[in-house]
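*Asks:* Can you read through this structure? Questions will come right after.
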Amino acid sequence: MTATTAHAHGDAARPDGTDTPVLQVTDLEVTFPGTRGSPDVTAVRGVSYELRRGEILGIVGESGSGKSVSSLAAMGLLPDYARVSGSIRLHGEELLGLDDRAMAAKRGRAIAMVFQDPLSGLTPVYTVGDQVAEAVRAHNPHFGKAAALARAVELLTLVGIPDAERRHRSFPHEFSGGMRQRVMIAIAIANDPDVIICDEPTTALDVTIQAQILEVLKTAQRETGAAILMITHDLGVVAGLVDRVQVMYAGRLVETGPVDDVYYRTRMPYTMGLLGSVPRLDQDDKTPLIPIAGSPPSLTDMPPGCPFAPRCPLAVEACTQAEPALEQVGAPGHRAACVRAGEIQANGWTARDVYPVPEIGDPPQAAVPREDRTTVLEVENLVKHHPLTRGALFKRRVGTVYAVDGVSFDIREGETLGLVGESGCGKTTTLLEILSLDRPQSGAVRVLGTESGRIGGRERMRVRRDMQVVFQDPMSSLDPRMRVFEIVAEPLRTHAYPKDRLQARVIELLRLVGLEAEHAARYPAEFSGGQRQRVGIARALALEPRLIVLDEPVSALDVSIQAGVVNLLDDLKARLGLAYLFVAHDLSVVRHIADRVAVMYLGKIVEIGEVANLYRHPTHPYTQALLSAIPLPDPEKERRRSHIVLEGDLPNPADPPSGCRFRTRCQKFAVLGEEERTACREREPELRRRVEGAADQAAACHYAERQEPL
Amino acid sequence: MAKFLIRRLLSSLILVFLASSLAYLLAATTLSPRSNFEQQQPPLSAEAIERELDHLNLNDRTPLAERYATWLSGVVVGDFGQTITDQSVNEHIARKAGVTLRLIVVGAVIGATLGVAVGAYSAVRQYRAFDRASTVVAFFLLAVPTIVIAVVLQVTAVWINDVTGRQLLEYGGEYTANLDAGFWGTLADRVQHAILPTLTLVLSLFAAFSRYQRNMMLDVLASDFVRTAMAKGLTRRAALFKHALRTAMIPTITYFTFTFGILIANATFTEKVFGWHGMGAWVVDSIVTNDVNAVAAVTCFMAVCVMAASFLSDVLYAWLDPRVRVS
């Protein structure tokens with residue numbers, strides 16, 4: 001392996017394994033007893049691993065795989081009613097069975113944790129400084145209040161809170177998500193712990209902020225020399241960061257080993273599937289993702305044998321008889337739980353050999369040049385400003401949030417436009433403005449030539465037929481009290497579809513999205529997230545629209561499920577000649593599905609263009625930073641890359657910087673001469689073609705320049 | 001922050017003014033003081049009646065606006081006029097306000113504290129014995145009107161006194177008349193008299209607060225920041241006390257304002273049942289005796305109490321929740 005931060009210590013794990021592991025988990029089993037007749041849920045089933053000094057160990061798995069529960073068990077933070085058995089040793093000392101007082105003495109001192117959601121992780125009523133100081137004082141009662149606070153300021157400075165001397169007096173709600181996560185890290189390292197458990201520390205954050213937080217974690221590890229247990233579902237985050245990785249499925253470890261072995265010499269079909277289903281930023285040609293069929297087993301009623309067997313394309317008779325043990329395959333330390341691991345190794349199979357690769361054609365319009373195709377959606381200088389008001393009785397305007405501030409793009413038939421950007425950039429507002437069909441504050445929206453806000457009720461109904469929507473959260477966008485049949489039939493009924501053909505049409509739609517006719521009689525609660533999203537897509541397709549607006553349609557889904565839905569969308573587009581407006585924050589997914597991409601920053605499009613060009617040679621510094629911030633699920637590439645880490649957070653959209661809005665965080669602005677900077681400060685760059693060679697690529701930067709971030 | 005509180009104070013003053021004015025106008029139009037004088041024995045002459053009514057500013061032949069103006073000009077200088085028996089309303093208030101305030105302040109503090117404590121603890125022990133018991137008690141108390149609670153307590157007191165053979169609990173009046181027992185004896189006597197009426201108020205307030213606090217506490221128990229606090233090295237008890245309870249009390253503070261009006265209404269019944277001569281008992285009596293000025297004065301007093309409670313909860317809210325202070 002190349003040097004990672006862990007090895008910078010010089011006291012990393014010795015290969016002969018003579019030093020005691022810092023954390024040793026043996027045969028851990030966690031069961032949540034069922035209440036009122038429902039069966040017990042065994043979330044973790046016999047997990048064993050070791051964490052050595054200064055090591056970074058990744059645990060990867062999808063939701064429900066038990067990765068968080070096993071770490072909460074180590075912290076003693078599981079609810080009282082959970083039944084935990086096995087052994088968890090910290091420096092050789094057994095933790096299971098310790099009472100709360102004894103465990104509290106370990107928590108934060110020897111073993112600390114960073115949680116997923118920084119927005120809810122800090123107590124809203126205390127200042128951040130006090131909360132860090134509390135962590136210091138919890139284990140050093142002799143520290144005075146002032147001394148603890150001084151230490152807190154030191155820690156906040158270390159994790160990169162600017163002006164910590166003053167800002168430690170802020171309350172959590174005054175901090176952005178990224179800043180709060182820094183505070184959480186400060187709390188975790190307050191007492192120089194030996195183990196830091198990071199439970200999806202960057203999942204709730206934007207990519208540029210994720211890059212910042214990963215840097216902070218590396219700093220934290222360097223400062224404390226702690227071993228880090230990195231729990232995540234993101235195979236990219238793990239690739240460049242960890243020394244060893246463990247893959248969990250249905251409460252068990254199914255593959256574990258040095259990160260290169262697991263990524264490049266995968267021996268367990270589930271790991272292969274996971275790696276194959278991730279949309280890759282670094283793949284040039286558009287190939288379908290490899291979804292894993294089915295969904296994870298319910299933990300209450302485990303099938304005998306390998307829990308992955310029902311979804312595994314390689315499953316044989318032996319798989320269903322007994323659960324395979326985690327055994328060594330190939331290099332030392334590399335272990336997998338699969339009866340056919342030897343065969344996989346011998347044949348050198350990869351995901352593409354093991355899983356059926358779906359065939360997806362091109363839409364019928366693909367042969368026609370873009371200029372000759374009908375424009376389905378045209379957005380011209382769209383503006384949406386929210387007034388900021390004060391006062392209860394007499395509202396007075398104190399400012400304006402420039403949510404969308406002059407956005408223009410068009411979508412042609414059979415084309416997908418990806419609208420990407422970080423949270424708060426205005427992409428959802430743009431989408432809602434388009435969907436409202438109301439007259440915009442300024443500018444124009446034309447759906448199939450009809451201008452919004454200038455049409456009567458009857459015509460609005462007609463336009464609605466042509467433009468449908470799929471929402472982000474499949475849990476809340478389907479009425480839980482309606483059967484799937486009713487959900488899909490509702491738009492048809494609203495638009496007076498002939499009653500005698502209704503049933504046939506609903507079943508046809510369900511089949512189209514990969515569901516069965518008998519699913520029509522069920523309620524949304526009986527489906528998994530991916531299936532629910534398919535119901536949402538069927539509903540959107542019911543009226544044979546020509547444009548579908550997709551608001552983060554796959555971001556709530558696990559990767560293996562996400563791949564199936566992405567493929568479905570791709571396939572529907574090809575078969576039905578649809579056009580998509582695909583709003584997302586995940587640039588990898590967008591690369592996979594979009595033909596053109598628009599990147600938004602603070603209410604403006606900063607770069608727009610054909611997908612391959614824009615990803616290969618982004619010209620706007622923000623696009624470059626965004627692409628650079630995304631970790632690749634490829635350990636070697638990831639170690640070779642250097643990420644552009646943007647400074648700070650998104651500026652306040654009510655008070656955007658003068659001139660170019662991105663200049664306050666721009667890595668390019670930082671290295672410009674004083675003279676050149678004047679242009680950035682004073683003139684707002686317009687969106688136009690900036691560099692030769694790329695016909696369909698426009699950027700809003702005075703100093704746009706092609707670069708290869710990957 | 002100070003600006004916010006001053007604004008609230010000003011709007012409270014306006015509300016107090018409106019409430020008292022409306023009460024005066026309502027009382028002046030619906031009550032009929034004239035009938036009091038007409039039915040007097042021996043009968044008064046027509047001129048005497050007019051004279052009396054004019055003197056008390058209760059003459060229904062004077063236009064309402066004029067009577068209101070007269071009443072208001074007194075009120076702004078702190079004079080609430082005369083009662084129907086030509087005594088100073090102000091003197092009555094001075095005597096009775098203390099009685100009521102003692103009852104509701106002590107009742108509110110004990111009831112709310114007990115309710116918050118029991119509610120928070122039952123949330124921590126959800127579905128355990130303590131939680132179930134407190135739930136049953138709270139719902140029982142919520143279902144029974146205060147007046148019934150008061151009477152039941154009285155009956156129970158009689159029974160206890162009978163069984164023990166001593167006058168342990170007093171259930172009539174505020175103190176023993178003509179008692180000569182020094183400072184401590186008098187205090188003990190007052191406490192002895194105050195136990196049952198206060199308990200009446202405490203029980204109903206406790207029931208409402210414990211339910212509310214339990215729900216608020218359940219909302220924060222599973223929240224991430226409590227877990228963070230434990231991950232720092234706080235014990236569960238410390239994390240719950242310092243992080244969960246403090247946060248869960250914020251909405252309860254707002255709830256306090258709402259319940260205060262109900263508390264005053266309950267105090268009225270309690271005073272009547274236990275023979276306390278407070279503002280609540282007085283308002284009932286003055287409605288019966290067509291005493292317009294007294295009704296308006298008591299309403300004003302109650303409005304001031306409610307506004308004071310609301311102001312207090314604003315201050316507490318700002319103290320507990322920094323988000324209000326900062327923005």
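For the structure tokens, the naming scheme is as follows: chains receive sequential letters (A, B, ...) according to their order of presentation, residues are indexed from 1 within each chain, and ligands are indexed from 1 in presentation order.
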Using only C-alpha atoms and a distance of at most 6 Å, pull out the residues of chain A that contact chain B, as a list of chain:residue names.

*Replies:* A:Arg101, A:Ala104, A:Ala105, A:Arg107, A:Gly108, A:Ser120, A:Gly121, A:Leu122, A:Thr123, A:Val125, A:Ala135, A:Ala138

*Asks:* Please save C-alpha atoms of the selected residues as a tab-separated table (two decimals), in the first residue's frame.

*Replies:*
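Generated output (part36.tsv):
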```tsv
chain	number	residue	atom	x	y	z
A	101	ARG	CA	-21.21	4.88	34.87
A	104	ALA	CA	-19.44	6.76	30.51
A	105	ALA	CA	-15.87	6.92	31.78
A	107	ARG	CA	-16.95	7.09	26.17
A	108	GLY	CA	-15.29	10.21	24.87
A	120	SER	CA	-29.47	17.41	15.03
A	121	GLY	CA	-26.36	16.22	16.83
A	122	LEU	CA	-25.72	19.33	18.88
A	123	THR	CA	-27.97	20.53	21.69
A	125	VAL	CA	-29.69	25.55	23.63
A	135	ALA	CA	-16.62	17.05	26.68
A	138	ALA	CA	-16.55	15.26	31.53
```

*Asks:* Show which residues sit within 9 Å of His193 of chain B, as a PyMOL selection string. Count only C-alpha atoms, and ignore same-chain residues fewer than 5 positions away.

*Replies:* chain B and resi 169-176+188

*Asks:* Just C-alpha atoms for this one: save the residues we selected as a JSON list (two decimals), in the first residue's frame.

*Replies:*
```json
[["chain", "number", "residue", "atom", "x", "y", "z"],
["B", 169, "LEU", "CA", -56.95, 19.57, 57.94],
["B", 170, "GLU", "CA", -59.05, 22.71, 57.79],
["B", 171, "TYR", "CA", -61.57, 22.97, 55.01],
["B", 172, "GLY", "CA", -63.37, 26.26, 55.59],
["B", 173, "GLY", "CA", -62.05, 29.80, 55.59],
["B", 174, "GLU", "CA", -58.58, 31.15, 55.29],
["B", 175, "TYR", "CA", -57.59, 31.26, 58.96],
["B", 176, "THR", "CA", -59.07, 30.66, 62.38],
["B", 188, "ALA", "CA", -49.09, 27.03, 61.00]]
```

*Asks:* Which residue gives the smallest distance to Glu91 of chain B among B:Trp71, B:Lys3, B:Cys305, B:Asp79, with only C-alpha atoms counted?

*Replies:* B:Asp79

*Asks:* Using DSSP on the backbone coordinates, identify the residues of segment 183-340 of chain A assigned to strand (DSSP E or B); present them as a list of chain:residue names.

*Replies:*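 So the strand (DSSP E or B) residues in segment 183-340 of chain A would be A:Val195, A:Ile196, A:Ile197, A:Cys198, A:Asp199, A:Ala227, A:Ile228, A:Leu229, A:Met230, A:Ile231, A:Thr232, A:Arg244, A:Val245, A:Gln246, A:Val247, A:Met248, A:Tyr249, A:Arg252, A:Leu253, A:Val254, A:Glu255, A:Thr256, A:Gly257, A:Pro258, A:Glu327, A:Gln328, A:Arg335, A:Ala336.
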
*Asks:* Extract, using only C-alpha atoms, all DNA, RNA and protein residues at most 8 Å from Thr252 of chain B, discarding same-chain residues fewer than 6 positions from it, and format them as a list in words.

*Replies:*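 The residues satisfying every condition are Phe209, Tyr212, Gln213 and Met216 of chain B.
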
*Asks:* Extract, using only C-alpha atoms, all DNA, RNA and protein residues at most 12 Å from Pro524 of chain A, discarding same-chain residues fewer than 6 positions from it, and format them as a list in words.

*Replies:*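 Here the answer would be Pro474, Met475, Ser476, Ser477, Leu478, Asp479, Pro480, Arg481, Met482, Arg483, Val484, Phe485, Glu486, Ile487, Val488, Gly530, Gln531, Arg532, Gln533, Arg534, Val535 and Gly536 of chain A.
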
*Asks:* Please write the residues from the selection above to a file, keeping N, CA and C atoms, as a short mmCIF file (atom, residue, chain, number, x, y, z; two decimals), in the first residue's frame.

*Replies:*
```cif
data_model
loop_
_atom_site.label_atom_id
_atom_site.label_comp_id
_atom_site.auth_asym_id
_atom_site.auth_seq_id
_atom_site.Cartn_x
_atom_site.Cartn_y
_atom_site.Cartn_z
N PRO A 474 -39.52 8.53 -1.87
CA PRO A 474 -40.59 7.62 -2.25
C PRO A 474 -41.46 7.24 -1.05
N MET A 475 -40.97 7.53 0.18
CA MET A 475 -41.77 7.19 1.35
C MET A 475 -42.94 8.17 1.49
N SER A 476 -42.68 9.44 1.25
CA SER A 476 -43.71 10.43 1.53
C SER A 476 -44.44 10.92 0.29
N SER A 477 -44.00 10.51 -0.90
CA SER A 477 -44.69 11.04 -2.07
C SER A 477 -45.81 10.13 -2.56
N LEU A 478 -46.03 9.03 -1.86
CA LEU A 478 -47.17 8.17 -2.19
C LEU A 478 -48.12 8.16 -0.99
N ASP A 479 -49.39 8.36 -1.24
CA ASP A 479 -50.38 8.35 -0.16
C ASP A 479 -50.44 6.96 0.48
N PRO A 480 -50.09 6.86 1.77
CA PRO A 480 -50.01 5.52 2.39
C PRO A 480 -51.36 4.82 2.48
N ARG A 481 -52.46 5.56 2.32
CA ARG A 481 -53.78 4.93 2.46
C ARG A 481 -54.39 4.55 1.11
N MET A 482 -53.64 4.76 0.04
CA MET A 482 -54.17 4.38 -1.27
C MET A 482 -53.44 3.14 -1.78
N ARG A 483 -54.19 2.25 -2.42
CA ARG A 483 -53.54 1.10 -3.04
C ARG A 483 -52.77 1.58 -4.27
N VAL A 484 -51.78 0.77 -4.65
CA VAL A 484 -50.94 1.15 -5.79
C VAL A 484 -51.81 1.39 -7.03
N PHE A 485 -52.85 0.59 -7.20
CA PHE A 485 -53.73 0.77 -8.35
C PHE A 485 -54.30 2.18 -8.38
N GLU A 486 -54.82 2.60 -7.22
CA GLU A 486 -55.43 3.91 -7.14
C GLU A 486 -54.40 5.01 -7.40
N ILE A 487 -53.18 4.80 -6.87
CA ILE A 487 -52.13 5.81 -7.04
C ILE A 487 -51.82 6.01 -8.52
N VAL A 488 -51.68 4.90 -9.22
CA VAL A 488 -51.31 5.00 -10.63
C VAL A 488 -52.51 5.45 -11.47
N GLY A 530 -36.98 1.16 -3.39
CA GLY A 530 -36.81 1.13 -4.83
C GLY A 530 -38.11 0.84 -5.55
N GLN A 531 -38.89 -0.07 -4.98
CA GLN A 531 -40.16 -0.41 -5.61
C GLN A 531 -41.13 0.76 -5.54
N ARG A 532 -41.09 1.46 -4.40
CA ARG A 532 -41.97 2.62 -4.27
C ARG A 532 -41.63 3.67 -5.31
N GLN A 533 -40.32 3.87 -5.52
CA GLN A 533 -39.93 4.86 -6.51
C GLN A 533 -40.42 4.43 -7.89
N ARG A 534 -40.45 3.12 -8.12
CA ARG A 534 -40.98 2.64 -9.40
C ARG A 534 -42.46 2.95 -9.53
N VAL A 535 -43.19 2.84 -8.42
CA VAL A 535 -44.61 3.20 -8.45
C VAL A 535 -44.74 4.68 -8.82
N GLY A 536 -43.87 5.51 -8.20
CA GLY A 536 -43.89 6.95 -8.50
C GLY A 536 -43.61 7.21 -9.97
#
```

*Asks:* Check segment 268-476 of chain A with DSSP on the backbone and list each residue it calls helix (DSSP H, G or I), as a ChimeraX atom specification.

*Replies:* /A:269-277,309-311,317-320,341-347,351-354,364-367,370-372,427-436,457-466

*Asks:* Keeping only N, CA and C atoms, write those residues as a compact mmCIF listing (two decimals), in the first residue's frame.

*Replies:*
```txt
# COMPACT_ATOMS: atom_id res chain seq x y z
N PRO A 269 -19.72 -12.13 -4.34
CA PRO A 269 -20.59 -11.53 -5.35
C PRO A 269 -21.29 -10.25 -4.87
N TYR A 270 -21.60 -10.16 -3.57
CA TYR A 270 -22.29 -8.96 -3.10
C TYR A 270 -21.38 -7.74 -3.25
N THR A 271 -20.11 -7.89 -2.85
CA THR A 271 -19.17 -6.78 -2.99
C THR A 271 -19.03 -6.39 -4.46
N MET A 272 -18.98 -7.40 -5.31
CA MET A 272 -18.91 -7.14 -6.75
C MET A 272 -20.10 -6.32 -7.21
N GLY A 273 -21.27 -6.73 -6.75
CA GLY A 273 -22.49 -6.04 -7.13
C GLY A 273 -22.45 -4.60 -6.67
N LEU A 274 -22.01 -4.40 -5.42
CA LEU A 274 -21.94 -3.04 -4.88
C LEU A 274 -21.04 -2.18 -5.75
N LEU A 275 -19.86 -2.72 -6.06
CA LEU A 275 -18.91 -1.95 -6.85
C LEU A 275 -19.43 -1.71 -8.26
N GLY A 276 -20.16 -2.69 -8.79
CA GLY A 276 -20.67 -2.55 -10.15
C GLY A 276 -21.84 -1.61 -10.26
N SER A 277 -22.58 -1.45 -9.14
CA SER A 277 -23.78 -0.63 -9.23
C SER A 277 -23.49 0.85 -8.98
N ALA A 309 -27.87 -15.28 -0.97
CA ALA A 309 -28.19 -16.27 -2.01
C ALA A 309 -29.42 -15.90 -2.86
N PRO A 310 -30.54 -15.40 -2.24
CA PRO A 310 -31.71 -15.11 -3.07
C PRO A 310 -31.45 -14.05 -4.14
N ARG A 311 -30.44 -13.20 -3.94
CA ARG A 311 -30.18 -12.13 -4.92
C ARG A 311 -28.95 -12.45 -5.78
N GLU A 317 -26.85 -24.83 -5.16
CA GLU A 317 -27.51 -25.61 -4.12
C GLU A 317 -26.86 -25.40 -2.74
N ALA A 318 -25.53 -25.45 -2.71
CA ALA A 318 -24.80 -25.40 -1.43
C ALA A 318 -25.05 -24.09 -0.69
N CYS A 319 -25.33 -23.02 -1.44
CA CYS A 319 -25.48 -21.70 -0.82
C CYS A 319 -26.66 -21.65 0.13
N THR A 320 -27.71 -22.39 -0.18
CA THR A 320 -28.92 -22.29 0.62
C THR A 320 -28.92 -23.25 1.80
N ALA A 341 -15.96 -18.67 -3.73
CA ALA A 341 -14.86 -17.71 -3.79
C ALA A 341 -13.69 -18.26 -4.60
N GLY A 342 -13.41 -19.58 -4.42
CA GLY A 342 -12.30 -20.19 -5.13
C GLY A 342 -12.49 -20.14 -6.63
N GLU A 343 -13.72 -20.45 -7.05
CA GLU A 343 -14.05 -20.42 -8.47
C GLU A 343 -13.91 -19.02 -9.05
N ILE A 344 -14.40 -18.03 -8.24
CA ILE A 344 -14.33 -16.64 -8.70
C ILE A 344 -12.88 -16.26 -8.92
N GLN A 345 -12.06 -16.70 -7.97
CA GLN A 345 -10.64 -16.39 -8.06
C GLN A 345 -10.01 -17.08 -9.28
N ALA A 346 -10.34 -18.37 -9.43
CA ALA A 346 -9.73 -19.15 -10.51
C ALA A 346 -10.09 -18.58 -11.88
N ASN A 347 -11.36 -18.15 -12.04
CA ASN A 347 -11.79 -17.67 -13.34
C ASN A 347 -11.55 -16.18 -13.53
N ALA A 351 -17.62 -8.12 -11.81
CA ALA A 351 -19.06 -7.87 -11.74
C ALA A 351 -19.72 -8.08 -13.09
N ARG A 352 -19.03 -7.67 -14.17
CA ARG A 352 -19.64 -7.76 -15.50
C ARG A 352 -19.82 -9.21 -15.95
N ASP A 353 -18.98 -10.10 -15.40
CA ASP A 353 -19.13 -11.51 -15.76
C ASP A 353 -20.22 -12.17 -14.93
N VAL A 354 -20.31 -11.72 -13.69
CA VAL A 354 -21.21 -12.39 -12.76
C VAL A 354 -22.65 -11.93 -12.94
N PRO A 364 -35.23 7.07 -29.99
CA PRO A 364 -35.39 7.19 -31.45
C PRO A 364 -34.88 8.53 -31.98
N GLN A 365 -34.90 9.56 -31.13
CA GLN A 365 -34.51 10.89 -31.60
C GLN A 365 -32.99 11.07 -31.65
N ALA A 366 -32.26 10.07 -31.08
CA ALA A 366 -30.82 10.26 -30.94
C ALA A 366 -30.14 10.47 -32.29
N ALA A 367 -30.74 9.90 -33.33
CA ALA A 367 -30.12 10.01 -34.65
C ALA A 367 -30.25 11.41 -35.23
N ARG A 370 -29.27 17.60 -32.58
CA ARG A 370 -29.96 18.28 -31.50
C ARG A 370 -30.76 19.49 -31.99
N GLU A 371 -30.17 20.28 -32.90
CA GLU A 371 -30.83 21.52 -33.33
C GLU A 371 -32.15 21.24 -34.05
N ASP A 372 -32.26 20.05 -34.65
CA ASP A 372 -33.45 19.76 -35.43
C ASP A 372 -34.58 19.16 -34.59
N LYS A 427 -31.59 24.85 -7.23
CA LYS A 427 -32.04 23.90 -8.24
C LYS A 427 -33.47 23.45 -7.99
N THR A 428 -33.84 23.24 -6.72
CA THR A 428 -35.21 22.82 -6.42
C THR A 428 -36.19 23.96 -6.69
N THR A 429 -35.80 25.19 -6.37
CA THR A 429 -36.67 26.34 -6.65
C THR A 429 -36.92 26.45 -8.15
N THR A 430 -35.89 26.25 -8.95
CA THR A 430 -36.05 26.29 -10.40
C THR A 430 -37.09 25.27 -10.83
N LEU A 431 -36.95 24.08 -10.29
CA LEU A 431 -37.86 22.99 -10.65
C LEU A 431 -39.29 23.31 -10.24
N LEU A 432 -39.47 23.85 -9.03
CA LEU A 432 -40.82 24.17 -8.57
C LEU A 432 -41.43 25.29 -9.41
N GLU A 433 -40.61 26.24 -9.81
CA GLU A 433 -41.11 27.32 -10.67
C GLU A 433 -41.60 26.77 -12.00
N ILE A 434 -40.85 25.82 -12.55
CA ILE A 434 -41.26 25.23 -13.82
C ILE A 434 -42.56 24.46 -13.64
N LEU A 435 -42.66 23.70 -12.55
CA LEU A 435 -43.84 22.87 -12.32
C LEU A 435 -45.09 23.71 -12.04
N SER A 436 -44.90 24.88 -11.44
CA SER A 436 -46.07 25.66 -11.01
C SER A 436 -46.91 26.10 -12.20
N GLY A 457 -57.24 27.70 -17.73
CA GLY A 457 -57.31 26.46 -16.97
C GLY A 457 -57.29 25.22 -17.84
N ARG A 458 -58.05 25.26 -18.93
CA ARG A 458 -58.14 24.07 -19.77
C ARG A 458 -56.76 23.74 -20.37
N GLU A 459 -56.09 24.78 -20.78
CA GLU A 459 -54.80 24.55 -21.42
C GLU A 459 -53.75 24.10 -20.41
N ARG A 460 -53.87 24.63 -19.18
CA ARG A 460 -52.96 24.19 -18.12
C ARG A 460 -53.06 22.68 -17.92
N MET A 461 -54.31 22.18 -17.93
CA MET A 461 -54.53 20.75 -17.79
C MET A 461 -53.79 20.00 -18.89
N ARG A 462 -53.84 20.54 -20.08
CA ARG A 462 -53.21 19.86 -21.22
C ARG A 462 -51.68 19.85 -21.04
N VAL A 463 -51.16 21.00 -20.57
CA VAL A 463 -49.71 21.07 -20.36
C VAL A 463 -49.28 20.10 -19.26
N ARG A 464 -50.15 19.99 -18.22
CA ARG A 464 -49.81 19.08 -17.13
C ARG A 464 -49.67 17.64 -17.62
N ARG A 465 -50.47 17.28 -18.60
CA ARG A 465 -50.35 15.93 -19.18
C ARG A 465 -48.96 15.69 -19.73
N ASP A 466 -48.44 16.74 -20.34
CA ASP A 466 -47.16 16.59 -21.03
C ASP A 466 -45.97 16.67 -20.09
```

*Asks:* State, in Å with one decimal place, the distance from atom CA of Arg167 of chain A to atom CA of Leu155 of chain A.

*Replies:*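 Atom-to-atom, atom CA of Arg167 of chain A and atom CA of Leu155 of chain A are spaced 12.4 Å apart.
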